[in-house]
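Below is query.cif, holding mmCIF, C-alpha atoms.
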data_work
loop_
_atom_site.group_PDB
_atom_site.id
_atom_site.type_symbol
_atom_site.label_atom_id
_atom_site.label_comp_id
_atom_site.auth_asym_id
_atom_site.auth_seq_id
_atom_site.Cartn_x
_atom_site.Cartn_y
_atom_site.Cartn_z
ATOM 1 C CA MET A 271 -13.840 -20.010 0.841
ATOM 2 C CA ARG A 272 -10.932 -17.600 0.346
ATOM 3 C CA ILE A 273 -12.964 -15.356 -1.996
ATOM 4 C CA GLY A 274 -15.874 -15.319 0.445
ATOM 5 C CA CYS A 275 -13.576 -14.229 3.249
ATOM 6 C CA ALA A 276 -12.093 -11.480 1.070
ATOM 7 C CA VAL A 277 -15.562 -10.197 0.177
ATOM 8 C CA LEU A 278 -16.660 -10.269 3.809
ATOM 9 C CA LEU A 279 -13.435 -8.596 4.924
ATOM 10 C CA GLY A 280 -13.795 -5.978 2.200
ATOM 11 C CA GLY A 281 -17.331 -5.225 3.309
ATOM 12 C CA LEU A 282 -16.240 -4.803 6.902
ATOM 13 C CA LEU A 283 -13.193 -2.676 6.133
ATOM 14 C CA PHE A 284 -14.675 -0.360 3.533
ATOM 15 C CA PRO A 285 -18.046 1.156 4.313
ATOM 16 C CA SER A 286 -20.089 1.971 1.227
ATOM 17 C CA VAL A 287 -21.850 4.944 2.769
ATOM 18 C CA SER A 288 -20.802 8.097 0.934
ATOM 19 C CA GLY A 289 -19.075 10.577 3.163
ATOM 20 C CA ALA A 290 -17.958 7.777 5.487
ATOM 21 C CA VAL A 291 -14.727 8.110 7.391
ATOM 22 C CA GLU A 292 -11.686 7.014 5.367
ATOM 23 C CA ALA A 293 -11.278 3.266 5.789
ATOM 24 C CA HIS A 294 -8.223 1.682 7.438
ATOM 25 C CA ALA A 295 -6.891 -1.715 6.413
ATOM 26 C CA ASP A 296 -3.804 -3.819 6.962
ATOM 27 C CA VAL A 297 -1.760 -3.984 3.757
ATOM 28 C CA VAL A 298 -1.834 -7.809 3.718
ATOM 29 C CA ALA A 299 -5.643 -7.862 3.906
ATOM 30 C CA PHE A 300 -6.027 -5.019 1.420
ATOM 31 C CA VAL A 301 -3.814 -6.218 -1.445
ATOM 32 C CA GLY A 302 -6.291 -8.871 -2.583
ATOM 33 C CA ALA A 303 -9.292 -6.553 -2.397
ATOM 34 C CA ALA A 304 -7.700 -3.369 -3.772
ATOM 35 C CA ARG A 305 -9.191 -3.673 -7.272
ATOM 36 C CA HIS A 306 -12.666 -3.415 -5.760
ATOM 37 C CA HIS A 307 -11.833 -0.018 -4.246
ATOM 38 C CA ILE A 308 -10.491 1.951 -7.219
ATOM 39 C CA GLY A 309 -11.203 5.649 -6.738
ATOM 40 C CA GLN A 310 -11.728 5.363 -2.975
ATOM 41 C CA ARG A 311 -9.455 6.933 -0.361
ATOM 42 C CA VAL A 312 -8.026 4.486 2.143
ATOM 43 C CA THR A 313 -5.331 4.301 4.794
ATOM 44 C CA ILE A 314 -3.119 1.227 4.657
ATOM 45 C CA ASP A 315 -1.348 0.161 7.851
ATOM 46 C CA HIS A 316 1.825 -1.955 8.292
ATOM 47 C CA CYS A 317 3.220 -0.836 4.960
ATOM 48 C CA HIS A 318 6.964 -1.552 4.622
ATOM 49 C CA LEU A 319 8.456 1.010 2.243
ATOM 50 C CA VAL A 320 11.173 -0.279 -0.103
ATOM 51 C CA TYR A 321 12.774 0.793 -3.391
ATOM 52 C CA THR A 322 11.880 4.467 -2.969
ATOM 53 C CA THR A 323 12.574 6.612 -6.042
ATOM 54 C CA GLU A 324 11.739 10.190 -7.004
ATOM 55 C CA GLU A 325 8.609 8.946 -8.817
ATOM 56 C CA GLU A 326 7.234 6.161 -6.617
ATOM 57 C CA ILE A 327 7.646 3.855 -3.660
ATOM 58 C CA THR A 328 6.848 0.174 -3.226
ATOM 59 C CA CYS A 329 4.772 -0.790 -0.182
ATOM 60 C CA VAL A 330 5.273 -4.413 0.852
ATOM 61 C CA GLY A 331 2.934 -6.386 3.101
ATOM 62 C CA LEU A 332 4.543 -9.118 5.174
ATOM 63 C CA LEU A 333 3.144 -12.295 6.691
ATOM 64 C CA PRO A 334 4.210 -13.136 10.257
ATOM 65 C CA GLY A 335 7.549 -14.920 10.581
ATOM 66 C CA ASP A 336 7.666 -18.707 10.686
ATOM 67 C CA SER A 337 9.388 -20.744 13.420
ATOM 68 C CA ALA A 338 12.765 -20.051 11.770
ATOM 69 C CA GLY A 339 12.064 -16.305 11.872
ATOM 70 C CA ASP A 340 11.723 -15.993 8.099
ATOM 71 C CA VAL A 341 9.093 -13.549 6.854
ATOM 72 C CA ARG A 342 7.327 -13.783 3.508
ATOM 73 C CA MET A 343 5.947 -11.059 1.303
ATOM 74 C CA ALA A 344 2.155 -11.203 1.009
ATOM 75 C CA GLY A 345 1.740 -8.532 -1.635
ATOM 76 C CA LYS A 346 2.755 -5.067 -2.708
ATOM 77 C CA LEU A 347 1.259 -1.744 -3.726
ATOM 78 C CA LEU A 348 2.738 1.093 -5.741
ATOM 79 C CA ILE A 349 2.752 4.405 -3.860
ATOM 80 C CA ARG A 350 2.776 7.734 -5.694
ATOM 81 C CA VAL A 351 3.216 10.457 -3.123
ATOM 82 C CA GLY A 352 1.226 13.682 -3.466
ATOM 83 C CA ALA A 353 3.009 16.960 -4.184
ATOM 84 C CA ALA A 354 2.102 18.310 -0.743
ATOM 85 C CA GLU A 355 3.884 15.378 0.903
ATOM 86 C CA SER A 356 7.457 16.280 -0.091
ATOM 87 C CA ALA A 357 8.912 16.032 3.446
ATOM 88 C CA GLY A 358 7.619 12.475 3.889
ATOM 89 C CA HIS A 359 8.868 11.523 0.443
ATOM 90 C CA ARG A 360 12.346 12.932 1.192
ATOM 91 C CA ARG A 361 12.442 10.933 4.420
ATOM 92 C CA ALA A 362 11.493 7.771 2.521
ATOM 93 C CA LEU A 363 14.230 8.493 -0.037
ATOM 94 C CA SER A 364 16.837 8.792 2.709
ATOM 95 C CA GLN A 365 15.716 5.793 4.806
ATOM 96 C CA CYS A 366 13.923 3.367 2.473
ATOM 97 C CA ALA A 367 15.674 3.523 -0.913
ATOM 98 C CA GLY A 368 16.917 -0.076 -0.930
ATOM 99 C CA GLY A 369 15.180 -3.399 -0.580
ATOM 100 C CA SER A 370 15.886 -3.935 3.124
ATOM 101 C CA LEU A 371 12.915 -4.224 5.434
ATOM 102 C CA HIS A 372 14.001 -1.723 8.077
ATOM 103 C CA GLN A 373 11.635 -1.293 11.019
ATOM 104 C CA SER A 374 11.976 2.473 10.558
ATOM 105 C CA CYS A 375 10.259 2.137 7.155
ATOM 106 C CA GLU A 376 7.061 0.523 8.490
ATOM 107 C CA VAL A 377 4.388 3.200 8.081
ATOM 108 C CA SER A 378 0.752 3.877 7.296
ATOM 109 C CA VAL A 379 -0.084 5.408 3.915
ATOM 110 C CA SER A 380 -3.280 7.230 2.878
ATOM 111 C CA GLY A 381 -4.263 7.772 -0.737
ATOM 112 C CA GLU A 382 -6.665 7.100 -3.581
ATOM 113 C CA VAL A 383 -6.686 3.531 -4.888
ATOM 114 C CA PHE A 384 -5.802 3.237 -8.582
ATOM 115 C CA ASP A 385 -4.885 0.557 -11.101
ATOM 116 C CA ALA A 386 -1.255 1.204 -12.057
ATOM 117 C CA SER A 387 -1.121 -1.649 -14.605
ATOM 118 C CA ARG A 388 -1.152 0.615 -17.670
ATOM 119 C CA SER A 389 1.906 2.542 -16.504
ATOM 120 C CA PHE A 390 3.787 -0.776 -16.740
ATOM 121 C CA GLY A 391 2.248 -1.783 -20.075
ATOM 122 C CA LEU A 392 0.233 -4.561 -18.453
ATOM 123 C CA ASP A 393 -3.311 -5.492 -19.399
ATOM 124 C CA GLU A 394 -4.198 -8.611 -17.447
ATOM 125 C CA ALA A 395 -1.802 -8.473 -14.504
ATOM 126 C CA ARG A 396 -2.934 -6.088 -11.810
ATOM 127 C CA VAL A 397 -0.543 -3.630 -10.240
ATOM 128 C CA MET A 398 -2.561 -1.666 -7.728
ATOM 129 C CA GLY A 399 -1.468 1.448 -5.944
ATOM 130 C CA LEU A 400 -2.293 4.596 -4.013
ATOM 131 C CA ARG A 401 -1.915 8.000 -5.665
ATOM 132 C CA GLU A 402 -1.779 11.464 -4.124
ATOM 133 C CA ALA A 403 -0.576 9.530 -1.105
ATOM 134 C CA ALA A 404 0.539 10.804 2.289
ATOM 135 C CA ILE A 405 2.979 8.830 4.444
ATOM 136 C CA HIS A 406 2.197 8.643 8.166
ATOM 137 C CA TRP A 407 5.420 7.945 10.062
ATOM 138 C CA PRO A 408 5.083 6.305 13.494
ATOM 139 C CA ASP A 409 6.974 9.057 15.357
#
Turn this file's structure into structure tokens for me.
Amino acid sequence: MRIGCAVLLGGLLFPSVSGAVEAHADVVAFVGAARHHIGQRVTIDHCHLVYTTEEEITCVGLLPGDSAGDVRMAGKLLIRVGAAESAGHRRALSQCAGGSLHQSCEVSVSGEVFDASRSFGLDEARVMGLREAAIHWPD
């Protein structure tokens, strides 16, 4: 059932028509389907930026809080910011370098989906990401 929902969701979120408008998806919904969209440009919404470095940023998707107010991570993507996006990257470095989930670091990110597994020396485990990415700050 879960796989069927992911396939249906993927079909709804990512049109297969060439030249279609760049697809938007919530990071939580996208993480499970990302490997099916390698090479496509997408915009991921509700991306919480953490652990920003000069080379990359981690985008974390969060599930809604439970009755105690605790939130759980639903997945993560590696973000490699494009060279033309230096101002957004500098802002992320100044505001989102640690592991705290600051509201100011919840953004949308556009980029090309890629499999980042090899850069970590992984074969079977999938580390998906967006490259040549642009950060869209809410303000």
**Message:** Which residues are near Gly399 in chain A? Cut-off 10 Å, only C-alpha atoms, ignore same chain within fewer than 3 positions. Put them as a PyMOL selection string.
**Reply:** chain A and resi 301+304-305+308+326-329+346-350+381-387+396+403
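The coordinates place CA of Ala303 in chain A at 25.3 Å from CA of Asp340 in chain A.
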Give me the residues within 12 Å of Ser364 in chain A as a PDB file with C-alpha atoms, keeping the file's coordinate frame, counting only C-alpha atoms and dropping any in the same chain fewer than 6 places off.
ATOM      1  CA  LEU A 319       8.456   1.010   2.243  1.00  0.00           C
ATOM      2  CA  VAL A 320      11.173  -0.279  -0.103  1.00  0.00           C
ATOM      3  CA  TYR A 321      12.774   0.793  -3.391  1.00  0.00           C
ATOM      4  CA  THR A 322      11.880   4.467  -2.969  1.00  0.00           C
ATOM      5  CA  THR A 323      12.574   6.612  -6.042  1.00  0.00           C
ATOM      6  CA  GLU A 324      11.739  10.190  -7.004  1.00  0.00           C
ATOM      7  CA  ALA A 357       8.912  16.032   3.446  1.00  0.00           C
ATOM      8  CA  GLY A 358       7.619  12.475   3.889  1.00  0.00           C
ATOM      9  CA  SER A 374      11.976   2.473  10.558  1.00  0.00           C
ATOM     10  CA  CYS A 375      10.259   2.137   7.155  1.00  0.00           C
TER      11      CYS A 375
END
Contacts of Ser356 in chain A within 12 Å, all atoms listed in the file, excl. fewer than 5 positions in-chain, as a PDB file with C-alpha atoms, in the coordinates of the input:
ATOM      1  CA  GLU A 324      11.739  10.190  -7.004  1.00  0.00           C
ATOM      2  CA  GLU A 325       8.609   8.946  -8.817  1.00  0.00           C
ATOM      3  CA  ARG A 350       2.776   7.734  -5.694  1.00  0.00           C
ATOM      4  CA  VAL A 351       3.216  10.457  -3.123  1.00  0.00           C
ATOM      5  CA  ARG A 361      12.442  10.933   4.420  1.00  0.00           C
ATOM      6  CA  ALA A 362      11.493   7.771   2.521  1.00  0.00           C
ATOM      7  CA  LEU A 363      14.230   8.493  -0.037  1.00  0.00           C
ATOM      8  CA  GLU A 402      -1.779  11.464  -4.124  1.00  0.00           C
ATOM      9  CA  ALA A 403      -0.576   9.530  -1.105  1.00  0.00           C
ATOM     10  CA  ALA A 404       0.539  10.804   2.289  1.00  0.00           C
ATOM     11  CA  ILE A 405       2.979   8.830   4.444  1.00  0.00           C
TER      12      ILE A 405
END
**Item:** Selected residue of minimal separation from Val377 in chain A among A:Glu292, A:Asp409, A:Asp315, A:Glu355, counting all atoms listed in the file
**Value:**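 Of the candidates, the smallest distance to Val377 in chain A is held by A:Asp315.
One finds CA of Thr313 in chain A at 9.3 Å from CA of Leu400 in chain A.
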**Message:** Quick check, in Å to one decimal: how far apart do CA of His406 in chain A and CA of Ser380 in chain A lie?
**Reply:**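 It comes out at 7.7 Å.
Proximity to Phe300 in chain A was assessed for A:Met343, A:His318, A:Met398, A:Cys366 counting all atoms listed in the file; the smallest distance is recorded for A:Met398.
If you measure from each of A:Pro334, A:Val397, A:Ala344, A:Val312 to His294 in chain A using all atoms listed in the file, the closest one turns out to be A:Val312.
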**Request:** Check which residues satisfy the PyMOL selection byres ((chain A and resi 332) around 9) in the file shown, then give them as a ChimeraX atom specification.
**Result:** /A:297-298,316-318,330-331,333-335,341-345
Would you save the residues from that selection as a PDB file, keeping the file's coordinate frame, using C-alpha atoms?
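File result_22.pdb, as written:
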ATOM      1  CA  VAL A 297      -1.760  -3.984   3.757  1.00  0.00           C
ATOM      2  CA  VAL A 298      -1.834  -7.809   3.718  1.00  0.00           C
ATOM      3  CA  HIS A 316       1.825  -1.955   8.292  1.00  0.00           C
ATOM      4  CA  CYS A 317       3.220  -0.836   4.960  1.00  0.00           C
ATOM      5  CA  HIS A 318       6.964  -1.552   4.622  1.00  0.00           C
ATOM      6  CA  VAL A 330       5.273  -4.413   0.852  1.00  0.00           C
ATOM      7  CA  GLY A 331       2.934  -6.386   3.101  1.00  0.00           C
ATOM      8  CA  LEU A 333       3.144 -12.295   6.691  1.00  0.00           C
ATOM      9  CA  PRO A 334       4.210 -13.136  10.257  1.00  0.00           C
ATOM     10  CA  GLY A 335       7.549 -14.920  10.581  1.00  0.00           C
ATOM     11  CA  VAL A 341       9.093 -13.549   6.854  1.00  0.00           C
ATOM     12  CA  ARG A 342       7.327 -13.783   3.508  1.00  0.00           C
ATOM     13  CA  MET A 343       5.947 -11.059   1.303  1.00  0.00           C
ATOM     14  CA  ALA A 344       2.155 -11.203   1.009  1.00  0.00           C
ATOM     15  CA  GLY A 345       1.740  -8.532  -1.635  1.00  0.00           C
TER      16      GLY A 345
END
Just need range 296-405 of chain A in a file, please: C-alpha atoms, as a CSV table (one decimal), in the first residue's frame.
chain,number,residue,atom,x,y,z
A,296,ASP,CA,7.0,18.7,0.2
A,297,VAL,CA,10.3,17.4,1.4
A,298,VAL,CA,8.7,14.6,3.4
A,299,ALA,CA,6.7,13.4,0.4
A,300,PHE,CA,9.7,13.7,-1.9
A,301,VAL,CA,12.4,11.9,0.1
A,302,GLY,CA,11.0,8.4,-0.7
A,303,ALA,CA,10.5,9.1,-4.4
A,304,ALA,CA,13.7,11.1,-5.1
A,305,ARG,CA,15.6,8.2,-6.7
A,306,HIS,CA,12.9,8.1,-9.4
A,307,HIS,CA,13.6,11.7,-10.4
A,308,ILE,CA,17.4,11.7,-10.9
A,309,GLY,CA,18.3,14.4,-13.5
A,310,GLN,CA,15.0,16.3,-13.1
A,311,ARG,CA,14.7,19.8,-11.7
A,312,VAL,CA,12.4,20.1,-8.7
A,313,THR,CA,11.5,22.6,-6.0
A,314,ILE,CA,11.3,21.1,-2.5
A,315,ASP,CA,9.2,23.0,0.1
A,316,HIS,CA,9.4,22.9,3.9
A,317,CYS,CA,13.1,22.1,3.9
A,318,HIS,CA,14.8,22.8,7.2
A,319,LEU,CA,18.4,23.6,6.6
A,320,VAL,CA,20.9,22.3,9.1
A,321,TYR,CA,24.6,21.6,9.3
A,322,THR,CA,25.5,24.1,6.6
A,323,THR,CA,29.2,24.0,5.4
A,324,GLU,CA,31.1,25.6,2.6
A,325,GLU,CA,30.5,22.5,0.4
A,326,GLU,CA,26.9,21.4,1.3
A,327,ILE,CA,23.8,21.7,3.4
A,328,THR,CA,21.5,19.1,4.9
A,329,CYS,CA,17.8,19.6,4.2
A,330,VAL,CA,15.6,17.8,6.8
A,331,GLY,CA,12.0,17.0,6.4
A,332,LEU,CA,9.9,16.9,9.6
A,333,LEU,CA,6.7,15.1,10.5
A,334,PRO,CA,4.1,17.1,12.4
A,335,GLY,CA,4.6,17.2,16.2
A,336,ASP,CA,2.9,14.6,18.4
A,337,SER,CA,0.7,15.5,21.4
A,338,ALA,CA,3.8,16.2,23.5
A,339,GLY,CA,5.1,18.6,20.8
A,340,ASP,CA,8.0,16.4,19.8
A,341,VAL,CA,8.8,16.4,16.0
A,342,ARG,CA,10.4,13.6,14.2
A,343,MET,CA,12.7,13.7,11.2
A,344,ALA,CA,11.1,12.0,8.1
A,345,GLY,CA,14.1,12.1,5.8
A,346,LYS,CA,16.9,14.3,4.5
A,347,LEU,CA,18.5,15.5,1.3
A,348,LEU,CA,22.0,16.8,0.6
A,349,ILE,CA,22.0,20.2,-0.9
A,350,ARG,CA,24.9,21.5,-3.1
A,351,VAL,CA,24.3,25.1,-3.8
A,352,GLY,CA,25.0,26.5,-7.3
A,353,ALA,CA,27.8,29.0,-7.8
A,354,ALA,CA,25.4,31.7,-8.7
A,355,GLU,CA,23.6,31.3,-5.3
A,356,SER,CA,26.4,32.6,-3.1
A,357,ALA,CA,24.3,35.1,-1.2
A,358,GLY,CA,21.8,32.4,-0.2
A,359,HIS,CA,24.6,30.1,0.8
A,360,ARG,CA,26.2,32.8,2.9
A,361,ARG,CA,22.9,33.4,4.7
A,362,ALA,CA,22.6,29.7,5.4
A,363,LEU,CA,26.1,29.6,6.7
A,364,SER,CA,25.3,32.4,9.2
A,365,GLN,CA,21.9,31.2,10.3
A,366,CYS,CA,21.8,27.4,9.8
A,367,ALA,CA,25.3,26.0,10.5
A,368,GLY,CA,24.3,23.9,13.6
A,369,GLY,CA,21.8,21.2,14.1
A,370,SER,CA,19.0,23.3,15.6
A,371,LEU,CA,15.7,23.5,13.7
A,372,HIS,CA,15.3,27.3,13.6
A,373,GLN,CA,12.1,28.5,12.0
A,374,SER,CA,14.3,31.0,10.1
A,375,CYS,CA,15.9,28.1,8.3
A,376,GLU,CA,12.7,26.6,6.8
A,377,VAL,CA,13.0,27.3,3.1
A,378,SER,CA,12.2,26.0,-0.4
A,379,VAL,CA,15.1,24.7,-2.5
A,380,SER,CA,15.2,24.2,-6.3
A,381,GLY,CA,17.8,22.0,-8.0
A,382,GLU,CA,18.6,19.0,-10.0
A,383,VAL,CA,18.0,15.6,-8.3
A,384,PHE,CA,21.2,13.5,-8.0
A,385,ASP,CA,22.4,10.4,-6.2
A,386,ALA,CA,25.0,11.5,-3.8
A,387,SER,CA,25.8,8.0,-2.5
A,388,ARG,CA,29.2,7.7,-4.3
A,389,SER,CA,30.5,10.9,-2.7
A,390,PHE,CA,30.1,9.1,0.6
A,391,GLY,CA,31.5,5.8,-0.6
A,392,LEU,CA,28.1,4.1,-0.5
A,393,ASP,CA,26.8,1.6,-3.0
A,394,GLU,CA,23.6,0.3,-1.6
A,395,ALA,CA,22.4,3.0,0.7
A,396,ARG,CA,20.9,5.9,-1.0
A,397,VAL,CA,21.9,9.5,-0.2
A,398,MET,CA,19.8,11.7,-2.5
A,399,GLY,CA,20.3,15.4,-3.1
A,400,LEU,CA,19.8,18.5,-5.2
A,401,ARG,CA,22.8,20.0,-7.0
A,402,GLU,CA,23.2,23.4,-8.6
A,403,ALA,CA,20.6,24.4,-6.0
A,404,ALA,CA,19.0,27.7,-5.3
A,405,ILE,CA,17.6,28.5,-1.8
